[in-house]
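Reviewing the structure listed below.
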Amino acid sequence: MTSETLAVTNVHLIDGQGGPSKPATTVIVDRGRFTSIGPTVSTEIPAGAIVIDGSNQWMVPGYINGNVHLLDAWMFMVGPGTIEYLARWEGRYTEVIEEAAQLVLRNGVTTVFDTYNAIDPVIAARDRINAGTSQGARIFAAGTIIGMGGPFSADFHFAGRRAAAQSFVNRIDEMFEAGVGHQLSLLPRNEVRARVRDYLGRGVDMLKIAVSDHIFMTVGFDRSYQTFTRPVLDVIVEEARSAGVPVLTHSLSIEALETSVELGADVLIHANYTMGQPYPHSLLDKIVASDSWAELQTVHENHQRALEECGSWSAQLGSGAFADNERTLIGANAKIMMGTDAGCPSVDHLADLTPGERDDRPWTLGGDHFHWTRSMVEKGMSPLEAISAATLNVARGYGKDDLIGSVEPGKLADFVLLDRDPLDDIRNLREIRDVYQAGVAVDRIKLPAHPLVTTHPA
């Protein structure tokens, strides 16, 4: 792919910075970056530029997802399908990750932050996409979650450990844990420091810490335990800061979330997930006053009703305090970013779901970001706020807002052209005419280029 000089004229620009739409705007792109933006009547078009008539179209920044798992971590959580998913594609995880990155790019997501994955495959996919060897959404990768087990540990699908060959489940868990899994909670802090430092040296873009466990899929929603003592957490954060990477926290309780804020985490992953406990006022005040960005996982009203009607366990994730905490953060003007926890599920897993569970599923990559923005507007955001939360806010949370997240001169020219105004109806974010990544038009029809998971069985 090559980037050419482009001029998108007469477009309605929603630049992601929170201001109103700017009609009759011309946006100039050169060498993959935005260079100038202004009224069409007064903006000079460079000689030789390819002119795109944006009349009756709306330009928004490329969508950015702040929490995905390009290998489907939901598969590891729900259990059925975990063994065949990981066994069927063993040795091809990088290809599956690239397929997932292409699925989201086809639907306007130009950058993703993968917050739990097998480190070597996800870094390989990231580097192939960065080098232009493969296509897909730009990937920033955390690899594993510090202090959390692999897919067949108690943190995920522990039952699978008894149903498959031990050599297989051990091999997969070791691949995901990468030396910094749940065993880390047993070690003295100096050894924790050394292991985390070694892990950071493997080239991850951010560090995600299990402030609390993930054993609810094994023991239920009625408990949560903190993984590390505060002195050990301080050591882990010190190493991340020394390496210059953002700190993400996984928490599933009020106390764990408060600890995450006190640690100065850059991103609070699923900040609304407190196992059904509402925020106390003191915690809300701390979140709002902090520099931390709250990543929220959400379920919109129609899908929530469908989950309740079919008796799905996941219905509780979109109701009660889970949803009330979202509304509370929105109402308090907390710093909020989009994240969906979505992955690339197998055809078999989707086939086992009821139509109500499967249709517009918020945990299936491709449409998950549309589901998220719709739900945020239902819970109190304006469409402009939801667009910023799905673009610039994510970039700010991860410290990448000098590079991506808005239509501004100097930034990478990631943008989406829409046929309908998303400020009239946030669902119009689905009305995609074209997607551009770093100034290059995406051939959406050809993605994914080499489908595996999404077409098996043929």
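Ligands are numbered from 1 in the order shown, residues from 1 within each chain, and chains are lettered A, B, ... in the order they appear in the structure tokens.
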
Q. What's the 9 Å shell around stretch 19-26 of chain A, counting only C-alpha atoms, without same-chain residues fewer than 6 positions away, as a PyMOL selection string?
A. chain A and resi 7-13+36-45+54-55+58+384+423

**Q.** Neighbour list for stretch 445-458 of chain A as a list in words, cut-off 7 Å, only C-alpha atoms, skip fewer than 5 positions in-chain
**A.**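 Skipping anything fewer than 5 positions along the chain leaves Val96, Glu99, Gln102, Leu103, Arg106, Ser346 and Val347 of chain A.
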
Q: For A:Tyr116, work out the shell of residues within 9 Å, counting only C-alpha atoms and skipping chain neighbours fewer than 2 positions away, then give it as a list in words.
A: Asn67, Val68, His69, Leu70, Leu71, Ala73, Asp114, Ala118, Ile119, Ala141, Ala142, Gly143, Thr144, Ile145, Phe176 and Lys208 of chain A

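Taking only stretch 100-157 of chain A, the residues that DSSP calls strand (DSSP E or B) from the backbone come to A:Val109, A:Thr110, A:Thr111, A:Val112, A:Phe113, A:Asp114, A:Arg138, A:Ile139, A:Phe140, A:Ala141, A:Ile145, A:Ile146.
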
Q: From a DSSP pass on the backbone, collect the residues of stretch 252-384 of chain A flagged as alpha helix (DSSP H) and hand them back as JSON, numbers by chain.
A: {"A": [254, 255, 256, 257, 258, 259, 260, 261, 262, 281, 282, 283, 284, 285, 286, 287, 288, 289, 301, 302, 303, 304, 305, 306, 307, 308, 309, 320, 321, 322, 323, 324, 325, 326, 327, 328, 329, 330, 331, 347, 348, 349, 350, 351, 352, 355, 356, 357, 358, 368, 369, 370, 371, 372, 373, 374, 375, 376, 377, 378, 383, 384]}

Q: Figure out the distance between atom CA of A:Arg161 and atom CA of A:Leu187, please, to one decimal in Å.
A: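 Taking atom CA of A:Leu187 and atom CA of A:Arg161, their separation equals 24.0 Å.
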
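Remark: for A:Gly160, the closest of the candidate residues A:Thr373, A:Asn428, A:Thr249, A:Thr82 is A:Thr82 (distances computed over only C-alpha atoms).
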
Q: Find the distance between atom CA of A:Asp285 and atom CA of A:Gln316 and write it in Å to one decimal.
A: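 Going from atom CA of A:Asp285 over to atom CA of A:Gln316, I get 25.5 Å.
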
Q: May I ask which of the residues A:Ala47, A:Leu252, A:Ile129, A:Val60 is the closest one to A:Ser388, counting only C-alpha atoms?
A: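 Of all the options, A:Val60 lies closest to A:Ser388.
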
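Reported to one decimal place, the separation of atom CA of A:Val299 from atom CA of A:Glu357 is 11.4 Å.
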